[in-house]
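target-v1.cif (mmCIF, N, CA and C atoms and all ligand atoms)
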data_my_file
#
loop_
_atom_site.label_atom_id
_atom_site.label_comp_id
_atom_site.auth_asym_id
_atom_site.auth_seq_id
_atom_site.Cartn_x
_atom_site.Cartn_y
_atom_site.Cartn_z
N MET A 943 94.32 87.68 92.15
CA MET A 943 95.09 88.92 92.11
C MET A 943 95.58 89.24 93.52
N THR A 944 96.83 89.56 93.61
CA THR A 944 97.41 89.86 94.91
C THR A 944 96.99 91.24 95.38
N MET A 945 96.60 91.30 96.64
CA MET A 945 96.22 92.59 97.18
C MET A 945 97.45 93.34 97.65
N LYS A 946 97.54 94.59 97.22
CA LYS A 946 98.61 95.45 97.74
C LYS A 946 97.97 96.72 98.29
N ILE A 947 98.54 97.18 99.38
CA ILE A 947 98.07 98.40 100.02
C ILE A 947 99.17 99.45 99.86
N GLY A 948 98.80 100.59 99.31
CA GLY A 948 99.79 101.65 99.10
C GLY A 948 99.49 102.84 99.98
N LEU A 949 100.56 103.59 100.27
CA LEU A 949 100.43 104.82 101.04
C LEU A 949 100.28 105.98 100.05
N CYS A 950 99.22 106.75 100.21
CA CYS A 950 99.00 107.90 99.33
C CYS A 950 99.91 109.04 99.77
N GLY A 951 100.66 109.59 98.82
CA GLY A 951 101.58 110.68 99.13
C GLY A 951 100.86 112.01 99.34
N VAL A 952 99.59 112.07 98.95
CA VAL A 952 98.84 113.32 99.08
C VAL A 952 98.09 113.37 100.42
N CYS A 953 97.24 112.36 100.67
CA CYS A 953 96.40 112.41 101.89
C CYS A 953 96.95 111.54 103.01
N GLU A 954 98.03 110.79 102.70
CA GLU A 954 98.65 109.87 103.67
C GLU A 954 97.72 108.76 104.11
N GLY A 955 96.66 108.51 103.32
CA GLY A 955 95.78 107.38 103.60
C GLY A 955 96.37 106.09 103.04
N GLU A 956 95.82 104.97 103.50
CA GLU A 956 96.24 103.66 103.02
C GLU A 956 95.14 103.12 102.13
N HIS A 957 95.47 102.81 100.89
CA HIS A 957 94.45 102.40 99.93
C HIS A 957 94.95 101.25 99.08
N ARG A 958 94.01 100.46 98.57
CA ARG A 958 94.37 99.37 97.66
C ARG A 958 94.94 99.92 96.38
N THR A 959 95.85 99.16 95.81
CA THR A 959 96.34 99.53 94.48
C THR A 959 95.56 98.74 93.44
N LEU A 960 95.50 99.30 92.24
CA LEU A 960 94.86 98.64 91.11
C LEU A 960 95.92 97.79 90.39
N GLN A 961 95.48 97.06 89.37
CA GLN A 961 96.41 96.18 88.68
C GLN A 961 97.58 96.93 88.03
N ASP A 962 97.35 98.19 87.64
CA ASP A 962 98.45 98.95 87.03
C ASP A 962 99.36 99.58 88.08
N GLY A 963 99.12 99.28 89.35
CA GLY A 963 100.00 99.76 90.41
C GLY A 963 99.62 101.10 91.00
N THR A 964 98.63 101.77 90.40
CA THR A 964 98.21 103.07 90.95
C THR A 964 97.19 102.85 92.07
N LEU A 965 96.99 103.89 92.86
CA LEU A 965 96.03 103.82 93.97
C LEU A 965 94.61 103.94 93.44
N ARG A 966 93.72 103.16 94.01
CA ARG A 966 92.32 103.27 93.59
C ARG A 966 91.77 104.64 94.01
N LYS A 967 90.66 105.00 93.36
CA LYS A 967 90.02 106.29 93.67
C LYS A 967 89.63 106.34 95.14
N HIS A 968 89.93 107.43 95.79
CA HIS A 968 89.57 107.58 97.20
C HIS A 968 89.39 109.06 97.53
N ASN A 969 88.87 109.29 98.70
CA ASN A 969 88.66 110.66 99.17
C ASN A 969 89.67 110.99 100.25
N THR A 970 89.89 112.28 100.45
CA THR A 970 90.70 112.73 101.57
C THR A 970 89.85 112.60 102.84
N PRO A 971 90.46 112.70 104.03
CA PRO A 971 89.67 112.54 105.26
C PRO A 971 88.51 113.52 105.36
N ASP A 972 88.58 114.69 104.70
CA ASP A 972 87.43 115.61 104.77
C ASP A 972 86.39 115.35 103.69
N GLY A 973 86.57 114.28 102.91
CA GLY A 973 85.53 113.84 101.99
C GLY A 973 85.67 114.31 100.55
N ALA A 974 86.67 115.11 100.26
CA ALA A 974 86.87 115.57 98.88
C ALA A 974 87.65 114.51 98.10
N PRO A 975 87.44 114.42 96.78
CA PRO A 975 88.22 113.46 96.00
C PRO A 975 89.71 113.75 96.14
N CYS A 976 90.51 112.72 96.39
CA CYS A 976 91.94 112.93 96.63
C CYS A 976 92.69 112.97 95.30
N PRO A 977 93.54 114.00 95.09
CA PRO A 977 94.33 114.06 93.86
C PRO A 977 95.36 112.93 93.75
N GLY A 978 95.58 112.20 94.84
CA GLY A 978 96.49 111.05 94.78
C GLY A 978 95.85 109.81 94.16
N SER A 979 94.53 109.87 93.90
CA SER A 979 93.83 108.75 93.25
C SER A 979 94.44 108.49 91.88
N ARG A 980 94.57 107.21 91.53
CA ARG A 980 95.10 106.77 90.23
C ARG A 980 96.53 107.24 90.00
N ARG A 981 97.23 107.59 91.06
CA ARG A 981 98.67 107.87 90.94
C ARG A 981 99.44 106.81 91.69
N ASN A 982 100.72 106.72 91.40
CA ASN A 982 101.53 105.71 92.08
C ASN A 982 101.61 106.03 93.56
N PRO A 983 101.57 105.01 94.41
CA PRO A 983 101.67 105.25 95.86
C PRO A 983 103.08 105.71 96.24
N ALA A 984 103.16 106.43 97.34
CA ALA A 984 104.47 106.85 97.86
C ALA A 984 105.25 105.62 98.34
N ALA A 985 104.52 104.59 98.79
CA ALA A 985 105.17 103.35 99.24
C ALA A 985 104.14 102.24 99.22
N ILE A 986 104.61 101.02 99.07
CA ILE A 986 103.76 99.85 99.26
C ILE A 986 103.96 99.42 100.71
N LEU A 987 102.86 99.26 101.43
CA LEU A 987 102.95 98.95 102.87
C LEU A 987 102.84 97.45 103.09
N PRO A 988 103.50 96.95 104.12
CA PRO A 988 103.33 95.53 104.44
C PRO A 988 101.86 95.24 104.75
N LEU A 989 101.38 94.13 104.23
CA LEU A 989 99.97 93.77 104.45
C LEU A 989 99.78 93.29 105.89
N THR A 990 98.82 93.88 106.59
CA THR A 990 98.46 93.41 107.92
C THR A 990 96.94 93.18 107.93
N PHE A 991 96.47 92.50 108.94
CA PHE A 991 95.03 92.27 109.06
C PHE A 991 94.29 93.60 109.11
N ARG A 992 94.79 94.56 109.87
CA ARG A 992 94.11 95.85 109.97
C ARG A 992 94.02 96.54 108.61
N ARG A 993 95.15 96.56 107.89
CA ARG A 993 95.14 97.22 106.58
C ARG A 993 94.17 96.53 105.64
N TRP A 994 94.19 95.20 105.65
CA TRP A 994 93.27 94.48 104.77
C TRP A 994 91.82 94.76 105.16
N LEU A 995 91.53 94.66 106.46
CA LEU A 995 90.14 94.82 106.90
C LEU A 995 89.63 96.23 106.58
N THR A 996 90.49 97.23 106.73
CA THR A 996 90.09 98.61 106.44
C THR A 996 89.61 98.76 105.00
N THR A 997 90.20 97.98 104.08
CA THR A 997 89.80 98.08 102.67
C THR A 997 88.49 97.35 102.39
N GLN A 998 87.92 96.68 103.38
CA GLN A 998 86.71 95.87 103.15
C GLN A 998 85.43 96.58 103.61
N ALA A 999 85.55 97.83 104.03
CA ALA A 999 84.41 98.52 104.67
C ALA A 999 83.24 98.77 103.72
N ASN A 1000 83.47 98.68 102.41
CA ASN A 1000 82.36 98.92 101.48
C ASN A 1000 81.62 97.65 101.11
N ARG A 1001 81.95 96.54 101.74
CA ARG A 1001 81.27 95.29 101.40
C ARG A 1001 79.89 95.24 102.05
N HIS A 1002 78.90 94.92 101.25
CA HIS A 1002 77.53 94.78 101.74
C HIS A 1002 76.99 93.52 101.10
N GLY A 1003 75.84 93.08 101.56
CA GLY A 1003 75.23 91.93 100.91
C GLY A 1003 74.88 90.87 101.92
N HIS A 1004 75.25 89.64 101.61
CA HIS A 1004 74.85 88.52 102.44
C HIS A 1004 76.06 87.69 102.82
N GLY A 1005 75.87 86.88 103.85
CA GLY A 1005 76.89 85.92 104.23
C GLY A 1005 78.21 86.61 104.54
N ARG A 1006 79.27 86.10 103.95
CA ARG A 1006 80.61 86.60 104.26
C ARG A 1006 80.76 88.09 103.97
N ASP A 1007 80.17 88.57 102.87
CA ASP A 1007 80.26 90.00 102.55
C ASP A 1007 79.64 90.84 103.67
N LEU A 1008 78.51 90.40 104.15
CA LEU A 1008 77.82 91.12 105.22
C LEU A 1008 78.67 91.13 106.49
N TYR A 1009 79.17 89.95 106.87
CA TYR A 1009 79.93 89.84 108.13
C TYR A 1009 81.19 90.68 108.08
N ILE A 1010 81.93 90.55 106.99
CA ILE A 1010 83.22 91.23 106.91
C ILE A 1010 83.02 92.73 106.75
N GLY A 1011 82.02 93.13 105.96
CA GLY A 1011 81.73 94.56 105.81
C GLY A 1011 81.35 95.19 107.13
N ARG A 1012 80.49 94.50 107.88
CA ARG A 1012 80.08 95.04 109.18
C ARG A 1012 81.25 95.13 110.15
N LEU A 1013 82.07 94.10 110.17
CA LEU A 1013 83.22 94.11 111.07
C LEU A 1013 84.17 95.25 110.69
N ALA A 1014 84.39 95.42 109.38
CA ALA A 1014 85.30 96.46 108.92
C ALA A 1014 84.80 97.84 109.34
N ARG A 1015 83.49 98.05 109.21
CA ARG A 1015 82.94 99.36 109.59
C ARG A 1015 83.00 99.54 111.11
N ALA A 1016 82.69 98.48 111.85
CA ALA A 1016 82.74 98.56 113.32
C ALA A 1016 84.18 98.78 113.79
N ALA A 1017 85.12 98.14 113.12
CA ALA A 1017 86.52 98.21 113.56
C ALA A 1017 87.06 99.63 113.52
N GLN A 1018 86.47 100.47 112.66
CA GLN A 1018 86.94 101.85 112.55
C GLN A 1018 86.72 102.63 113.85
N LEU A 1019 85.86 102.10 114.73
CA LEU A 1019 85.62 102.76 116.02
C LEU A 1019 86.72 102.47 117.04
N TYR A 1020 87.60 101.52 116.70
CA TYR A 1020 88.57 101.07 117.71
C TYR A 1020 89.99 101.50 117.36
N GLY A 1021 90.09 102.66 116.68
CA GLY A 1021 91.40 103.22 116.41
C GLY A 1021 92.21 102.34 115.49
N ASP A 1022 93.52 102.53 115.51
CA ASP A 1022 94.36 101.70 114.65
C ASP A 1022 95.49 101.07 115.44
N ASP A 1023 95.26 100.92 116.73
CA ASP A 1023 96.29 100.33 117.58
C ASP A 1023 96.12 98.82 117.66
N TRP A 1024 95.84 98.21 116.51
CA TRP A 1024 95.71 96.77 116.46
C TRP A 1024 96.11 96.31 115.07
N THR A 1025 96.69 95.15 114.98
CA THR A 1025 97.11 94.67 113.66
C THR A 1025 96.59 93.27 113.37
N THR A 1026 96.14 92.54 114.38
CA THR A 1026 95.70 91.16 114.15
C THR A 1026 94.25 91.01 114.62
N THR A 1027 93.64 89.88 114.25
CA THR A 1027 92.29 89.58 114.71
C THR A 1027 92.22 89.59 116.23
N GLU A 1028 93.25 89.01 116.87
CA GLU A 1028 93.26 88.93 118.33
C GLU A 1028 93.34 90.32 118.94
N ASP A 1029 94.18 91.19 118.36
CA ASP A 1029 94.29 92.57 118.84
C ASP A 1029 92.94 93.27 118.74
N LEU A 1030 92.25 93.07 117.61
CA LEU A 1030 90.96 93.74 117.41
C LEU A 1030 89.95 93.24 118.44
N ALA A 1031 89.92 91.92 118.64
CA ALA A 1031 88.99 91.37 119.63
C ALA A 1031 89.29 91.95 121.02
N ASP A 1032 90.58 92.09 121.34
CA ASP A 1032 90.96 92.68 122.63
C ASP A 1032 90.53 94.14 122.73
N ALA A 1033 90.76 94.89 121.66
CA ALA A 1033 90.39 96.32 121.66
C ALA A 1033 88.88 96.48 121.83
N MET A 1034 88.10 95.62 121.16
CA MET A 1034 86.65 95.70 121.27
C MET A 1034 86.21 95.30 122.68
N GLY A 1035 86.83 94.27 123.22
CA GLY A 1035 86.51 93.82 124.58
C GLY A 1035 86.83 94.91 125.60
N ALA A 1036 87.98 95.57 125.42
CA ALA A 1036 88.38 96.63 126.34
C ALA A 1036 87.41 97.81 126.28
N ALA A 1037 86.78 98.00 125.12
CA ALA A 1037 85.81 99.09 124.97
C ALA A 1037 84.43 98.68 125.46
N GLY A 1038 84.30 97.47 125.97
CA GLY A 1038 83.04 97.03 126.55
C GLY A 1038 82.12 96.31 125.59
N VAL A 1039 82.65 95.94 124.40
CA VAL A 1039 81.81 95.21 123.44
C VAL A 1039 81.64 93.77 123.92
N ASN A 1040 80.40 93.34 123.94
CA ASN A 1040 80.09 91.98 124.36
C ASN A 1040 80.53 91.00 123.25
N PRO A 1041 81.41 90.06 123.57
CA PRO A 1041 81.86 89.12 122.53
C PRO A 1041 80.78 88.07 122.25
N ASN A 1042 79.68 88.52 121.65
CA ASN A 1042 78.56 87.61 121.41
C ASN A 1042 78.82 86.75 120.18
N ALA A 1043 77.89 85.85 119.91
CA ALA A 1043 78.08 84.89 118.82
C ALA A 1043 78.25 85.59 117.47
N ALA A 1044 77.51 86.69 117.27
CA ALA A 1044 77.62 87.40 115.98
C ALA A 1044 79.03 87.96 115.79
N LEU A 1045 79.55 88.59 116.84
CA LEU A 1045 80.89 89.17 116.73
C LEU A 1045 81.93 88.08 116.49
N VAL A 1046 81.82 86.98 117.21
CA VAL A 1046 82.76 85.88 117.02
C VAL A 1046 82.69 85.37 115.57
N ARG A 1047 81.47 85.29 115.04
CA ARG A 1047 81.29 84.85 113.66
C ARG A 1047 81.96 85.82 112.69
N TYR A 1048 81.76 87.12 112.91
CA TYR A 1048 82.37 88.13 112.03
C TYR A 1048 83.90 88.00 112.05
N LEU A 1049 84.43 87.88 113.27
CA LEU A 1049 85.89 87.79 113.41
C LEU A 1049 86.42 86.52 112.75
N THR A 1050 85.70 85.42 112.92
CA THR A 1050 86.14 84.15 112.35
C THR A 1050 86.13 84.22 110.82
N GLU A 1051 85.06 84.78 110.26
CA GLU A 1051 84.96 84.90 108.80
C GLU A 1051 86.10 85.78 108.27
N ALA A 1052 86.35 86.88 108.97
CA ALA A 1052 87.40 87.80 108.52
C ALA A 1052 88.77 87.14 108.62
N ALA A 1053 89.02 86.43 109.72
CA ALA A 1053 90.31 85.77 109.89
C ALA A 1053 90.52 84.71 108.81
N ASP A 1054 89.45 83.97 108.48
CA ASP A 1054 89.55 82.94 107.43
C ASP A 1054 89.89 83.57 106.08
N GLU A 1055 89.18 84.64 105.76
CA GLU A 1055 89.43 85.24 104.44
C GLU A 1055 90.80 85.89 104.38
N TYR A 1056 91.21 86.52 105.48
CA TYR A 1056 92.53 87.16 105.49
C TYR A 1056 93.63 86.12 105.29
N LYS A 1057 93.43 84.93 105.87
CA LYS A 1057 94.41 83.84 105.70
C LYS A 1057 94.55 83.50 104.20
N THR A 1058 93.43 83.46 103.50
CA THR A 1058 93.44 83.17 102.07
C THR A 1058 94.18 84.28 101.30
N VAL A 1059 93.93 85.53 101.71
CA VAL A 1059 94.59 86.66 101.06
C VAL A 1059 96.11 86.55 101.25
N LEU A 1060 96.54 86.21 102.47
CA LEU A 1060 97.97 86.07 102.75
C LEU A 1060 98.58 84.94 101.95
N GLU A 1061 97.85 83.82 101.84
CA GLU A 1061 98.37 82.68 101.09
C GLU A 1061 98.55 83.05 99.63
N SER A 1062 97.60 83.78 99.06
CA SER A 1062 97.73 84.13 97.64
C SER A 1062 98.84 85.17 97.46
N ALA A 1063 99.06 86.01 98.48
CA ALA A 1063 100.16 87.00 98.38
C ALA A 1063 101.51 86.28 98.41
N ARG A 1064 101.60 85.20 99.15
CA ARG A 1064 102.86 84.47 99.26
C ARG A 1064 103.23 83.75 97.96
N GLN A 1065 102.20 83.38 97.20
CA GLN A 1065 102.46 82.60 95.99
C GLN A 1065 102.90 83.46 94.81
N THR A 1066 102.86 84.77 94.95
CA THR A 1066 103.22 85.60 93.79
C THR A 1066 104.49 86.39 94.07
ZN ZN A 1101 95.03 110.17 98.88
#
Could you quickly redo this structure as structure tokens?
Amino acid sequence: MTMKIGLCGVCEGEHRTLQDGTLRKHNTPDGAPCPGSRRNPAAILPLTFRRWLTTQANRHGHGRDLYIGRLARAAQLYGDDWTTTEDLADAMGAAGVNPNAALVRYLTEAADEYKTVLESARQT
């Protein structure tokens, strides 16, 4: 299934769309359920690494789920002035994050999976 990210016309957040084209259930920035949930997005946004990674923050578990979920949650600390894996690595480095083996692994796993997402988006 191709991933699409839509702009919510109510909260102006970026959220995944469901198969019927509506926005998945989400909250407004203050934590209340957003009335834009399950409604059509105001726009479909071009897929970028940042947009994709932002949608992965609820992943938990083991292996790739753990790495990508952790990276997605950590990435929220570095604003949104980055769109690629390289930009994110630079933003984290500029903030003083040590590019240790774990971080490199997280970034590599995320970059690999995002490449797969892009390839499947191109085929449809
Ligand atoms: Zn919303």
Give the residue list for ligand ZN 1101 (chain A) at 10 Å, counting only C-alpha atoms and all ligand atoms, as a PyMOL selection string, sorted by chain and then by residue number.
-> chain A and resi 948-957+965-971+974-981+983
Quick one: everything within 7 Å of segment 992-995 of chain A, counting all atoms listed in the file, minus sequence neighbours fewer than 4 positions away in the same chain. Send it as a list in words.
->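 Non-adjacent residues within range: Ala999, Leu1013, Ala1014, Arg1015, Trp1024, Thr1025, Thr1026 and Thr1027 of chain A.
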Have a look at atom CA of Tyr1056 of chain A and atom CA of Lys946 of chain A and let me know their distance in Å, one decimal.
->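 Separation between atom CA of Tyr1056 of chain A and atom CA of Lys946 of chain A: 12.9 Å.
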Within chain A, find each residue whose DSSP state, derived from the backbone, is strand (DSSP E or B), and express the selection as a list in words.
->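 Going through chain A, the strand (DSSP E or B) residues come out as Ile947, Gly948, Leu949, Glu956, His957, Arg958, Thr959, Leu965, Asn969, Pro975, Ala985, Ile986 and Leu987 of chain A.
For the pair atom CA of Ser1062 of chain A and atom CA of Ile947 of chain A, the separation is 14.5 Å.
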Atom pair atom CA of Leu960 of chain A / atom CA of Val1059 of chain A: separation (Å) |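 Spanning atom CA of Leu960 of chain A to atom CA of Val1059 of chain A is a straight-line distance of 15.6 Å.
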Out of chain A, which residues get alpha helix (DSSP H) from DSSP, as a ChimeraX atom specification?
-> /A:991-996,1005-1017,1027-1036,1043-1064
Rebuild all heavy atoms on segment 943-954 of chain A, as a JSON list (two decimals), keeping the file's coordinate frame?
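For reference, out.json as written:
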[["chain", "number", "residue", "atom", "x", "y", "z"],
["A", 943, "MET", "N", 94.32, 87.68, 92.15],
["A", 943, "MET", "CA", 95.09, 88.92, 92.11],
["A", 943, "MET", "C", 95.58, 89.24, 93.52],
["A", 943, "MET", "O", 94.83, 89.17, 94.47],
["A", 943, "MET", "CB", 94.20, 90.05, 91.59],
["A", 943, "MET", "CG", 94.96, 91.33, 91.35],
["A", 943, "MET", "SD", 93.87, 92.60, 90.70],
["A", 943, "MET", "CE", 93.39, 93.44, 92.19],
["A", 944, "THR", "N", 96.83, 89.56, 93.61],
["A", 944, "THR", "CA", 97.41, 89.86, 94.91],
["A", 944, "THR", "C", 96.99, 91.24, 95.38],
["A", 944, "THR", "O", 97.04, 92.19, 94.62],
["A", 944, "THR", "CB", 98.95, 89.83, 94.83],
["A", 944, "THR", "OG1", 99.32, 88.56, 94.34],
["A", 944, "THR", "CG2", 99.57, 90.03, 96.18],
["A", 945, "MET", "N", 96.60, 91.30, 96.64],
["A", 945, "MET", "CA", 96.22, 92.59, 97.18],
["A", 945, "MET", "C", 97.45, 93.34, 97.65],
["A", 945, "MET", "O", 98.29, 92.79, 98.35],
["A", 945, "MET", "CB", 95.27, 92.40, 98.36],
["A", 945, "MET", "CG", 95.16, 93.67, 99.17],
["A", 945, "MET", "SD", 93.92, 93.55, 100.44],
["A", 945, "MET", "CE", 92.50, 93.91, 99.50],
["A", 946, "LYS", "N", 97.54, 94.59, 97.22],
["A", 946, "LYS", "CA", 98.61, 95.45, 97.74],
["A", 946, "LYS", "C", 97.97, 96.72, 98.29],
["A", 946, "LYS", "O", 97.03, 97.25, 97.73],
["A", 946, "LYS", "CB", 99.60, 95.80, 96.63],
["A", 946, "LYS", "CG", 100.47, 94.63, 96.25],
["A", 946, "LYS", "CD", 101.73, 95.07, 95.54],
["A", 946, "LYS", "CE", 102.68, 93.89, 95.34],
["A", 946, "LYS", "NZ", 102.91, 93.62, 93.93],
["A", 947, "ILE", "N", 98.54, 97.18, 99.38],
["A", 947, "ILE", "CA", 98.07, 98.40, 100.02],
["A", 947, "ILE", "C", 99.17, 99.45, 99.86],
["A", 947, "ILE", "O", 100.32, 99.19, 100.24],
["A", 947, "ILE", "CB", 97.78, 98.20, 101.52],
["A", 947, "ILE", "CG1", 96.93, 96.96, 101.76],
["A", 947, "ILE", "CG2", 97.18, 99.46, 102.14],
["A", 947, "ILE", "CD1", 95.47, 97.11, 101.63],
["A", 948, "GLY", "N", 98.80, 100.59, 99.31],
["A", 948, "GLY", "CA", 99.79, 101.65, 99.10],
["A", 948, "GLY", "C", 99.49, 102.84, 99.98],
["A", 948, "GLY", "O", 98.36, 103.09, 100.37],
["A", 949, "LEU", "N", 100.56, 103.59, 100.27],
["A", 949, "LEU", "CA", 100.43, 104.82, 101.04],
["A", 949, "LEU", "C", 100.28, 105.98, 100.05],
["A", 949, "LEU", "O", 101.12, 106.15, 99.16],
["A", 949, "LEU", "CB", 101.68, 105.03, 101.90],
["A", 949, "LEU", "CG", 101.73, 106.33, 102.70],
["A", 949, "LEU", "CD1", 100.71, 106.29, 103.82],
["A", 949, "LEU", "CD2", 103.13, 106.53, 103.27],
["A", 950, "CYS", "N", 99.22, 106.75, 100.21],
["A", 950, "CYS", "CA", 99.00, 107.90, 99.33],
["A", 950, "CYS", "C", 99.91, 109.04, 99.77],
["A", 950, "CYS", "O", 99.90, 109.42, 100.94],
["A", 950, "CYS", "CB", 97.54, 108.33, 99.35],
["A", 950, "CYS", "SG", 97.24, 109.80, 98.34],
["A", 951, "GLY", "N", 100.66, 109.59, 98.82],
["A", 951, "GLY", "CA", 101.58, 110.68, 99.13],
["A", 951, "GLY", "C", 100.86, 112.01, 99.34],
["A", 951, "GLY", "O", 101.45, 112.96, 99.84],
["A", 952, "VAL", "N", 99.59, 112.07, 98.95],
["A", 952, "VAL", "CA", 98.84, 113.32, 99.08],
["A", 952, "VAL", "C", 98.09, 113.37, 100.42],
["A", 952, "VAL", "O", 98.28, 114.28, 101.22],
["A", 952, "VAL", "CB", 97.87, 113.51, 97.90],
["A", 952, "VAL", "CG1", 97.04, 114.78, 98.07],
["A", 952, "VAL", "CG2", 98.63, 113.53, 96.58],
["A", 953, "CYS", "N", 97.24, 112.36, 100.67],
["A", 953, "CYS", "CA", 96.40, 112.41, 101.89],
["A", 953, "CYS", "C", 96.95, 111.54, 103.01],
["A", 953, "CYS", "O", 96.43, 111.54, 104.11],
["A", 953, "CYS", "CB", 94.97, 111.97, 101.55],
["A", 953, "CYS", "SG", 94.82, 110.22, 101.14],
["A", 954, "GLU", "N", 98.03, 110.79, 102.70],
["A", 954, "GLU", "CA", 98.65, 109.87, 103.67],
["A", 954, "GLU", "C", 97.72, 108.76, 104.11],
["A", 954, "GLU", "O", 97.94, 108.11, 105.13],
["A", 954, "GLU", "CB", 99.22, 110.63, 104.88],
["A", 954, "GLU", "CG", 100.29, 111.64, 104.45],
["A", 954, "GLU", "CD", 100.99, 112.33, 105.61],
["A", 954, "GLU", "OE1", 100.57, 112.12, 106.75],
["A", 954, "GLU", "OE2", 101.96, 113.05, 105.33]]
